[in-house]
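Raw contents of model_2.tsv, TSV, C-alpha atoms:
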```tsv
chain	number	residue	atom	x	y	z
C	1	MET	CA	-87.13	-25.70	17.95
C	2	SER	CA	-84.19	-26.84	15.80
C	3	GLN	CA	-81.55	-24.44	14.56
C	4	PRO	CA	-82.23	-23.02	11.09
C	5	ALA	CA	-79.77	-24.03	8.36
C	6	ALA	CA	-78.24	-21.83	5.68
C	7	LEU	CA	-76.21	-22.54	2.55
C	8	ILE	CA	-74.16	-19.63	1.23
C	9	THR	CA	-72.48	-20.01	-2.14
C	10	GLY	CA	-69.42	-17.84	-2.56
C	11	GLY	CA	-69.23	-17.71	1.20
C	12	THR	CA	-65.50	-17.81	1.85
C	13	SER	CA	-64.89	-14.07	1.44
C	14	GLY	CA	-66.60	-10.71	1.15
C	15	ILE	CA	-70.37	-10.51	1.46
C	16	GLY	CA	-70.82	-14.27	1.67
C	17	ARG	CA	-68.38	-14.62	4.51
C	18	ALA	CA	-69.83	-11.66	6.42
C	19	THR	CA	-73.26	-13.26	6.07
C	20	ALA	CA	-71.94	-16.59	7.33
C	21	GLU	CA	-70.45	-14.91	10.40
C	22	LEU	CA	-73.64	-12.97	11.11
C	23	LEU	CA	-75.97	-15.95	10.72
C	24	HIS	CA	-73.72	-18.18	12.80
C	25	ALA	CA	-73.81	-15.57	15.57
C	26	ARG	CA	-77.62	-15.74	15.32
C	27	ASP	CA	-77.61	-19.48	15.89
C	28	TYR	CA	-77.84	-20.74	12.31
C	29	ARG	CA	-76.11	-23.86	11.14
C	30	VAL	CA	-74.06	-22.63	8.19
C	31	MET	CA	-72.40	-24.15	5.15
C	32	VAL	CA	-70.36	-22.02	2.75
C	33	THR	CA	-68.84	-22.80	-0.62
C	34	GLY	CA	-65.80	-21.47	-2.40
C	35	HIS	CA	-63.61	-22.32	-5.34
C	36	ARG	CA	-60.17	-20.78	-4.81
C	37	PRO	CA	-57.82	-22.81	-2.61
C	38	ASP	CA	-56.53	-19.73	-0.78
C	39	SER	CA	-59.97	-18.46	0.22
C	40	LEU	CA	-61.10	-21.97	1.19
C	41	ALA	CA	-58.05	-22.39	3.42
C	42	ALA	CA	-58.57	-18.98	5.04
C	43	ALA	CA	-62.25	-19.70	5.68
C	44	ARG	CA	-61.45	-23.05	7.29
C	45	ARG	CA	-58.87	-21.33	9.48
C	46	GLU	CA	-60.82	-18.26	10.48
C	47	LEU	CA	-64.54	-19.05	10.47
C	48	PRO	CA	-66.05	-20.73	13.55
C	49	ARG	CA	-65.23	-24.43	13.60
C	50	ASP	CA	-68.80	-25.57	13.13
C	51	VAL	CA	-69.25	-23.57	9.91
C	52	LEU	CA	-68.88	-26.16	7.14
C	53	VAL	CA	-66.61	-25.04	4.29
C	54	VAL	CA	-67.12	-26.96	1.04
C	55	ALA	CA	-65.14	-26.68	-2.19
C	56	ALA	CA	-67.54	-26.24	-5.12
C	57	ASP	CA	-67.22	-24.64	-8.54
C	58	ALA	CA	-70.29	-22.50	-9.21
C	59	ARG	CA	-70.03	-23.32	-12.93
C	60	SER	CA	-70.39	-27.06	-12.39
C	61	PRO	CA	-73.80	-28.82	-12.25
C	62	ALA	CA	-71.93	-31.90	-10.98
C	63	ASP	CA	-70.62	-29.85	-8.05
C	64	ALA	CA	-74.17	-28.62	-7.44
C	65	ASP	CA	-75.30	-32.25	-7.17
C	66	ARG	CA	-72.49	-33.01	-4.74
C	67	LEU	CA	-73.29	-29.87	-2.74
C	68	ALA	CA	-76.94	-30.90	-2.40
C	69	ALA	CA	-75.80	-34.26	-1.10
C	70	GLU	CA	-73.57	-32.53	1.48
C	71	VAL	CA	-76.47	-30.36	2.63
C	72	LYS	CA	-78.76	-33.37	2.95
C	73	GLU	CA	-76.15	-35.29	4.94
C	74	HIS	CA	-75.28	-32.50	7.37
C	75	PHE	CA	-78.49	-30.47	7.67
C	76	GLY	CA	-81.32	-32.52	6.20
C	77	SER	CA	-83.08	-29.39	4.98
C	78	LEU	CA	-82.42	-25.69	4.36
C	79	ASP	CA	-84.11	-22.56	5.69
C	80	LEU	CA	-81.96	-20.13	3.68
C	81	LEU	CA	-80.29	-20.55	0.31
C	82	PHE	CA	-78.11	-17.50	-0.35
C	83	LEU	CA	-76.95	-17.72	-3.98
C	84	ASN	CA	-74.05	-15.32	-3.74
C	85	ALA	CA	-71.25	-16.88	-5.81
C	86	GLY	CA	-70.16	-14.74	-8.70
C	87	ILE	CA	-67.35	-13.13	-10.60
C	88	THR	CA	-66.81	-9.86	-12.42
C	89	ARG	CA	-64.68	-8.95	-15.40
C	90	SER	CA	-64.24	-5.37	-16.58
C	91	ALA	CA	-63.63	-4.79	-20.30
C	92	PRO	CA	-65.01	-2.58	-23.08
C	93	VAL	CA	-67.35	-4.35	-25.46
C	94	GLU	CA	-64.74	-4.67	-28.21
C	95	ALA	CA	-62.35	-6.46	-25.84
C	96	VAL	CA	-64.76	-9.14	-24.55
C	97	ASP	CA	-63.97	-12.56	-25.99
C	98	GLU	CA	-66.25	-15.58	-26.08
C	99	ALA	CA	-64.42	-17.34	-23.25
C	100	THR	CA	-64.96	-14.38	-20.90
C	101	PHE	CA	-68.62	-14.08	-21.91
C	102	ASP	CA	-69.21	-17.78	-21.24
C	103	GLU	CA	-67.34	-17.71	-17.93
C	104	LEU	CA	-69.48	-14.85	-16.63
C	105	PHE	CA	-72.79	-16.44	-17.60
C	106	ASP	CA	-71.73	-19.94	-16.53
C	107	THR	CA	-70.76	-18.68	-13.07
C	108	ASN	CA	-73.22	-15.87	-12.38
C	109	THR	CA	-76.35	-17.19	-14.08
C	110	LYS	CA	-76.24	-20.87	-14.99
C	111	GLY	CA	-74.44	-21.92	-11.82
C	112	GLN	CA	-76.85	-20.12	-9.50
C	113	PHE	CA	-79.92	-21.48	-11.30
C	114	PHE	CA	-78.75	-25.08	-11.16
C	115	THR	CA	-77.66	-24.80	-7.54
C	116	LEU	CA	-81.22	-23.73	-6.77
C	117	GLN	CA	-82.59	-26.59	-8.85
C	118	LYS	CA	-80.44	-29.24	-7.14
C	119	THR	CA	-81.15	-27.98	-3.61
C	120	LEU	CA	-84.83	-27.24	-4.19
C	121	PRO	CA	-86.02	-30.57	-2.72
C	122	LEU	CA	-84.15	-29.69	0.48
C	123	LEU	CA	-85.78	-26.29	1.01
C	124	ALA	CA	-88.09	-26.38	3.99
C	125	GLU	CA	-91.59	-25.03	3.77
C	126	GLY	CA	-91.31	-21.32	4.46
C	127	ALA	CA	-87.63	-21.16	3.44
C	128	SER	CA	-85.99	-18.14	1.86
C	129	VAL	CA	-83.97	-17.93	-1.36
C	130	VAL	CA	-81.84	-14.83	-1.90
C	131	PHE	CA	-79.83	-14.04	-5.03
C	132	THR	CA	-77.00	-11.51	-5.10
C	133	VAL	CA	-77.51	-9.28	-8.13
C	134	GLY	CA	-75.98	-5.82	-7.73
C	135	THR	CA	-76.89	-2.31	-8.85
C	136	GLY	CA	-74.94	-2.72	-12.10
C	137	ALA	CA	-77.91	-4.64	-13.50
C	138	ALA	CA	-80.02	-1.47	-13.42
C	139	HIS	CA	-77.44	1.34	-13.53
C	140	GLY	CA	-74.80	1.45	-16.23
C	141	ILE	CA	-71.15	0.80	-15.44
C	142	PRO	CA	-68.70	1.28	-18.32
C	143	GLY	CA	-66.94	-1.97	-19.12
C	144	ALA	CA	-69.40	-4.08	-17.16
C	145	SER	CA	-72.00	-4.87	-19.81
C	146	VAL	CA	-71.61	-8.66	-19.76
C	147	ALA	CA	-71.09	-8.95	-15.99
C	148	ALA	CA	-74.19	-6.80	-15.40
C	149	ALA	CA	-76.22	-8.85	-17.86
C	150	SER	CA	-75.22	-12.13	-16.23
C	151	ARG	CA	-76.38	-10.85	-12.84
C	152	GLY	CA	-79.41	-9.07	-14.28
C	153	ALA	CA	-80.64	-12.37	-15.69
C	154	LEU	CA	-81.08	-13.53	-12.09
C	155	LEU	CA	-83.19	-10.47	-11.35
C	156	ALA	CA	-85.42	-11.37	-14.29
C	157	MET	CA	-85.95	-14.84	-12.79
C	158	VAL	CA	-86.96	-13.66	-9.33
C	159	PRO	CA	-90.65	-12.79	-9.92
C	160	SER	CA	-91.36	-16.04	-11.78
C	161	LEU	CA	-89.53	-18.14	-9.19
C	162	ALA	CA	-91.41	-16.33	-6.41
C	163	LEU	CA	-94.74	-17.27	-8.00
C	164	GLU	CA	-93.64	-20.82	-8.71
C	165	LEU	CA	-92.46	-21.51	-5.17
C	166	ALA	CA	-95.17	-19.58	-3.33
C	167	PRO	CA	-97.35	-22.70	-2.82
C	168	ARG	CA	-94.53	-24.06	-0.63
C	169	ARG	CA	-94.32	-20.67	1.14
C	170	ILE	CA	-90.75	-20.36	-0.14
C	171	ARG	CA	-89.90	-16.71	-0.63
C	172	VAL	CA	-87.54	-15.65	-3.43
C	173	ASN	CA	-85.84	-12.26	-3.37
C	174	ALA	CA	-82.67	-10.54	-4.49
C	175	VAL	CA	-80.22	-8.25	-2.76
C	176	SER	CA	-78.41	-5.69	-4.88
C	177	PRO	CA	-75.28	-4.26	-3.29
C	178	GLY	CA	-73.93	-1.00	-4.59
C	179	PRO	CA	-70.28	-0.08	-4.07
C	180	ILE	CA	-69.14	-2.34	-1.23
C	181	ASP	CA	-65.64	-2.58	0.20
C	182	THR	CA	-64.88	-6.26	-0.49
C	183	PRO	CA	-61.99	-8.25	-2.02
C	184	LEU	CA	-63.96	-8.27	-5.30
C	185	TRP	CA	-62.40	-4.91	-6.13
C	186	ASP	CA	-58.99	-6.58	-6.12
C	187	LYS	CA	-60.22	-9.23	-8.57
C	188	MET	CA	-61.22	-6.80	-11.31
C	189	GLY	CA	-57.83	-7.08	-12.96
C	190	LEU	CA	-57.15	-3.34	-12.86
C	191	PRO	CA	-53.71	-1.84	-12.19
C	192	PRO	CA	-53.48	-0.56	-8.58
C	193	GLU	CA	-53.44	3.11	-9.57
C	194	GLU	CA	-56.49	2.68	-11.81
C	195	ARG	CA	-58.30	0.76	-9.10
C	196	THR	CA	-57.62	3.60	-6.62
C	197	ARG	CA	-58.87	6.23	-9.08
C	198	LEU	CA	-62.00	4.20	-9.78
C	199	ALA	CA	-62.71	3.68	-6.07
C	200	GLU	CA	-62.28	7.39	-5.29
C	201	ALA	CA	-64.46	8.45	-8.21
C	202	THR	CA	-67.12	5.94	-7.22
C	203	ALA	CA	-67.20	7.03	-3.57
C	204	SER	CA	-67.58	10.68	-4.62
C	205	ARG	CA	-70.85	9.83	-6.40
C	206	ILE	CA	-72.47	7.98	-3.48
C	207	PRO	CA	-75.00	10.18	-1.65
C	208	LEU	CA	-73.99	8.76	1.74
C	209	GLY	CA	-70.37	9.55	0.87
C	210	ARG	CA	-68.74	6.16	1.44
C	211	PHE	CA	-68.52	2.57	0.34
C	212	GLY	CA	-70.77	0.11	2.11
C	213	THR	CA	-69.51	-2.79	4.21
C	214	ALA	CA	-70.05	-6.49	3.69
C	215	ARG	CA	-71.73	-6.60	7.11
C	216	GLU	CA	-74.36	-4.09	5.96
C	217	VAL	CA	-75.29	-6.33	3.03
C	218	ALA	CA	-75.28	-9.35	5.35
C	219	GLU	CA	-77.83	-7.61	7.56
C	220	ALA	CA	-80.09	-7.16	4.52
C	221	VAL	CA	-79.79	-10.86	3.68
C	222	ALA	CA	-80.53	-11.81	7.29
C	223	PHE	CA	-83.63	-9.62	7.16
C	224	LEU	CA	-84.87	-11.30	3.97
C	225	ALA	CA	-84.32	-14.68	5.61
C	226	SER	CA	-86.16	-13.73	8.79
C	227	ASP	CA	-89.79	-13.85	9.85
C	228	ALA	CA	-89.74	-10.04	9.72
C	229	ALA	CA	-89.72	-10.42	5.92
C	230	GLY	CA	-92.34	-13.16	5.95
C	231	TYR	CA	-94.58	-11.20	3.55
C	232	VAL	CA	-91.78	-10.14	1.19
C	233	THR	CA	-91.24	-12.12	-2.00
C	234	GLY	CA	-90.33	-11.38	-5.60
C	235	GLN	CA	-88.45	-8.23	-4.60
C	236	ASN	CA	-85.00	-6.70	-5.00
C	237	LEU	CA	-83.54	-5.02	-1.91
C	238	THR	CA	-80.95	-2.43	-2.90
C	239	VAL	CA	-78.11	-1.72	-0.46
C	240	SER	CA	-76.20	1.10	-2.11
C	241	GLY	CA	-75.95	4.20	0.06
C	242	GLY	CA	-78.25	5.91	-2.41
C	243	ALA	CA	-75.97	5.30	-5.41
C	244	GLY	CA	-77.91	5.59	-8.66
C	245	LEU	CA	-80.68	7.78	-7.26
C	246	GLY	CA	-79.54	11.00	-8.96
C	247	MET	CA	-79.96	12.02	-12.56
```

Rewritten as structure tokens:
Amino acid sequence: MSQPAALITGGTSGIGRATAELLHARDYRVMVTGHRPDSLAAARRELPRDVLVVAADARSPADADRLAAEVKEHFGSLDLLFLNAGITRSAPVEAVDEATFDELFDTNTKGQFFTLQKTLPLLAEGASVVFTVGTGAAHGIPGASVAAASRGALLAMVPSLALELAPRRIRVNAVSPGPIDTPLWDKMGLPPEERTRLAEATASRIPLGRFGTAREVAEAVAFLASDAAGYVTGQNLTVSGGAGLGM
């Protein structure tokens, strides 16, 4: 039996990278994408040599076309498409400008949809598609209205995509991380002292009393990709330590 193949967008750091490492250890062939030169260089240095690291801008349909061609050349077909690329910007509603709004939706929504569209012919029968959404789509976070909406739009797509792709036995699900200790916290643009206060306040509200790890989310993605989840489609798996359960 041939090795399964996985494409992970936004796979050079954080949850994507942890998923790449986990799947590689479980004998997947893995391709990851990234956009920032520093994270691409680090991934090429530090991930196993046979993990393919491809530069691709999640906002670009042309890059999605090129990415599909790379997948076809190296793997032929895909067993897992993990649509994980995304950005976040924190700002109150009165401070959000049109450029920020467009950047969030172009990256988090449009880019993920068209990456799925371009790679769809390469998905094997019985493949798994997993979107990263996040608990912010369902539970309010001050300053995150547009970022949450851009991710929540993916969640709205999942049931329809699951029905549409079911005849090919392709399962479509989402994973929604809660507070996870990843480099994304450093990209929020907050001053260090404010970031620390926010992190401490957030951890204090998590029933399990801590931030999650990228590896814990990776395990959830691996489950959704596995035969153990062969009867699971159209769902959203929350990995949040219980965050958002209380009143």

Min atom-atom distance to C:Tyr28 from the set C:Glu200, C:Glu125, C:Asp63, C:Asp79, counting only C-alpha atoms, belongs to C:Asp79

Between atom CA of C:Ala58 and atom CA of C:Ala95 lies a distance of 24.4 Å

Got a sec to check which residues sit within 10 Å of (-75.9, -11.3, 7.4), counting all atoms listed in the file, and write them as a short mmCIF file (atom, residue, chain, number, x, y, z; two decimals) with C-alpha atoms, in the coordinates of the input?
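The resulting selection35.cif:
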```
data_model
loop_
_atom_site.label_atom_id
_atom_site.label_comp_id
_atom_site.auth_asym_id
_atom_site.auth_seq_id
_atom_site.Cartn_x
_atom_site.Cartn_y
_atom_site.Cartn_z
CA ILE C 15 -70.37 -10.51 1.46
CA GLY C 16 -70.82 -14.27 1.67
CA ARG C 17 -68.38 -14.62 4.51
CA ALA C 18 -69.83 -11.66 6.42
CA THR C 19 -73.26 -13.26 6.07
CA ALA C 20 -71.94 -16.59 7.33
CA GLU C 21 -70.45 -14.91 10.40
CA LEU C 22 -73.64 -12.97 11.11
CA LEU C 23 -75.97 -15.95 10.72
CA HIS C 24 -73.72 -18.18 12.80
CA ALA C 25 -73.81 -15.57 15.57
CA ARG C 26 -77.62 -15.74 15.32
CA ALA C 214 -70.05 -6.49 3.69
CA ARG C 215 -71.73 -6.60 7.11
CA GLU C 216 -74.36 -4.09 5.96
CA VAL C 217 -75.29 -6.33 3.03
CA ALA C 218 -75.28 -9.35 5.35
CA GLU C 219 -77.83 -7.61 7.56
CA ALA C 220 -80.09 -7.16 4.52
CA VAL C 221 -79.79 -10.86 3.68
CA ALA C 222 -80.53 -11.81 7.29
CA PHE C 223 -83.63 -9.62 7.16
CA LEU C 224 -84.87 -11.30 3.97
CA ALA C 225 -84.32 -14.68 5.61
#
```

Under the rule that only C-alpha atoms are counted, which of C:Pro177, C:Gly143, C:Gly136, C:Gly234 is the nearest residue to C:Leu161?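 Nearest candidate to C:Leu161 out of C:Pro177, C:Gly143, C:Gly136, C:Gly234: C:Gly234.
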
* Asked: Which polymer residues, protein or nucleic acid, are no farther than 9 Å from (-72.2, 9.1, -4.9), counting all atoms listed in the file, as a PyMOL selection string?
  -> chain C and resi 201-210+241-246

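If only C-alpha atoms are the atoms counted, then among C:Ser2, C:Thr196, C:Ser150, C:Ser226 the closest residue to C:Val133 is C:Ser150.
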
Write out as a ChimeraX atom specification which residues come within 8 Å of C:Arg29 when counting only C-alpha atoms, dropping same-chain ones fewer than 3 positions away. /C:3-6,23-24,50-51,75

Among C:Leu7, C:Ala147, C:Val53, C:Leu81, C:Val172 is approached most closely, using only C-alpha atoms, by C:Leu81

Exercise for the section: Just the residues within 10 Å of C:Arg36, please, counting all atoms listed in the file, with nothing from its chain fewer than 2 positions along; format it as a ChimeraX atom specification. Expected result: /C:10,12,33-34,38-41,55-57

Generate all heavy atoms for stretch 113-124 of chain C and emit them as a CSV table (one decimal), keeping the file's coordinate frame.
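This is the output file result_35.csv:
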```
chain,number,residue,atom,x,y,z
C,113,PHE,N,-78.6,-20.8,-11.0
C,113,PHE,CA,-79.9,-21.5,-11.3
C,113,PHE,C,-79.9,-23.0,-11.0
C,113,PHE,O,-80.8,-23.5,-10.3
C,113,PHE,CB,-80.3,-21.3,-12.8
C,113,PHE,CG,-81.6,-22.0,-13.2
C,113,PHE,CD1,-82.8,-21.4,-13.0
C,113,PHE,CD2,-81.5,-23.3,-13.7
C,113,PHE,CE1,-84.0,-22.0,-13.3
C,113,PHE,CE2,-82.7,-23.9,-14.0
C,113,PHE,CZ,-83.9,-23.3,-13.8
C,114,PHE,N,-78.8,-23.6,-11.4
C,114,PHE,CA,-78.8,-25.1,-11.2
C,114,PHE,C,-78.5,-25.4,-9.7
C,114,PHE,O,-78.9,-26.5,-9.2
C,114,PHE,CB,-77.8,-25.8,-12.1
C,114,PHE,CG,-78.4,-25.9,-13.5
C,114,PHE,CD1,-78.0,-25.1,-14.5
C,114,PHE,CD2,-79.3,-26.9,-13.7
C,114,PHE,CE1,-78.6,-25.2,-15.8
C,114,PHE,CE2,-79.9,-27.0,-15.0
C,114,PHE,CZ,-79.6,-26.2,-16.0
C,115,THR,N,-77.8,-24.6,-9.0
C,115,THR,CA,-77.7,-24.8,-7.5
C,115,THR,C,-79.0,-24.7,-6.9
C,115,THR,O,-79.3,-25.6,-6.0
C,115,THR,CB,-76.7,-23.8,-6.9
C,115,THR,OG1,-75.4,-23.9,-7.5
C,115,THR,CG2,-76.5,-24.0,-5.4
C,116,LEU,N,-79.8,-23.8,-7.3
C,116,LEU,CA,-81.2,-23.7,-6.8
C,116,LEU,C,-82.0,-25.0,-7.1
C,116,LEU,O,-82.6,-25.6,-6.3
C,116,LEU,CB,-81.9,-22.5,-7.3
C,116,LEU,CG,-83.4,-22.4,-7.1
C,116,LEU,CD1,-83.8,-22.4,-5.6
C,116,LEU,CD2,-84.0,-21.2,-7.7
C,117,GLN,N,-81.9,-25.4,-8.4
C,117,GLN,CA,-82.6,-26.6,-8.8
C,117,GLN,C,-82.2,-27.8,-8.0
C,117,GLN,O,-83.1,-28.6,-7.6
C,117,GLN,CB,-82.3,-26.8,-10.3
C,117,GLN,CG,-83.1,-28.0,-10.9
C,117,GLN,CD,-82.6,-28.4,-12.3
C,117,GLN,OE1,-81.6,-29.0,-12.4
C,117,GLN,NE2,-83.4,-28.0,-13.3
C,118,LYS,N,-80.9,-28.0,-7.8
C,118,LYS,CA,-80.4,-29.2,-7.1
C,118,LYS,C,-80.8,-29.2,-5.7
C,118,LYS,O,-81.0,-30.3,-5.1
C,118,LYS,CB,-78.9,-29.4,-7.3
C,118,LYS,CG,-78.5,-29.4,-8.8
C,118,LYS,CD,-79.0,-30.6,-9.5
C,118,LYS,CE,-78.4,-30.7,-10.9
C,118,LYS,NZ,-79.0,-31.8,-11.7
C,119,THR,N,-80.8,-28.1,-5.1
C,119,THR,CA,-81.2,-28.0,-3.6
C,119,THR,C,-82.6,-27.8,-3.3
C,119,THR,O,-83.0,-27.8,-2.2
C,119,THR,CB,-80.3,-26.9,-2.9
C,119,THR,OG1,-80.6,-25.6,-3.6
C,119,THR,CG2,-78.8,-27.2,-3.0
C,120,LEU,N,-83.4,-27.5,-4.4
C,120,LEU,CA,-84.8,-27.2,-4.2
C,120,LEU,C,-85.6,-28.3,-3.4
C,120,LEU,O,-86.4,-27.9,-2.5
C,120,LEU,CB,-85.5,-27.1,-5.6
C,120,LEU,CG,-86.9,-26.6,-5.6
C,120,LEU,CD1,-87.1,-25.2,-4.9
C,120,LEU,CD2,-87.4,-26.5,-7.0
C,121,PRO,N,-85.3,-29.6,-3.6
C,121,PRO,CA,-86.0,-30.6,-2.7
C,121,PRO,C,-85.7,-30.5,-1.2
C,121,PRO,O,-86.4,-31.0,-0.4
C,121,PRO,CB,-85.5,-31.9,-3.3
C,121,PRO,CG,-85.1,-31.6,-4.7
C,121,PRO,CD,-84.5,-30.2,-4.6
C,122,LEU,N,-84.6,-29.8,-0.9
C,122,LEU,CA,-84.2,-29.7,0.5
C,122,LEU,C,-84.7,-28.4,1.2
C,122,LEU,O,-84.5,-28.3,2.4
C,122,LEU,CB,-82.6,-29.7,0.6
C,122,LEU,CG,-81.9,-30.9,-0.1
C,122,LEU,CD1,-80.4,-30.7,-0.1
C,122,LEU,CD2,-82.3,-32.2,0.6
C,123,LEU,N,-85.3,-27.5,0.4
C,123,LEU,CA,-85.8,-26.3,1.0
C,123,LEU,C,-87.0,-26.6,1.8
C,123,LEU,O,-88.0,-27.1,1.4
C,123,LEU,CB,-86.1,-25.3,-0.1
C,123,LEU,CG,-84.9,-24.7,-0.8
C,123,LEU,CD1,-85.3,-23.8,-1.9
C,123,LEU,CD2,-84.0,-23.9,0.1
C,124,ALA,N,-87.0,-26.2,3.1
C,124,ALA,CA,-88.1,-26.4,4.0
C,124,ALA,C,-89.3,-25.5,3.6
C,124,ALA,O,-89.1,-24.4,3.0
C,124,ALA,CB,-87.7,-26.1,5.4
```
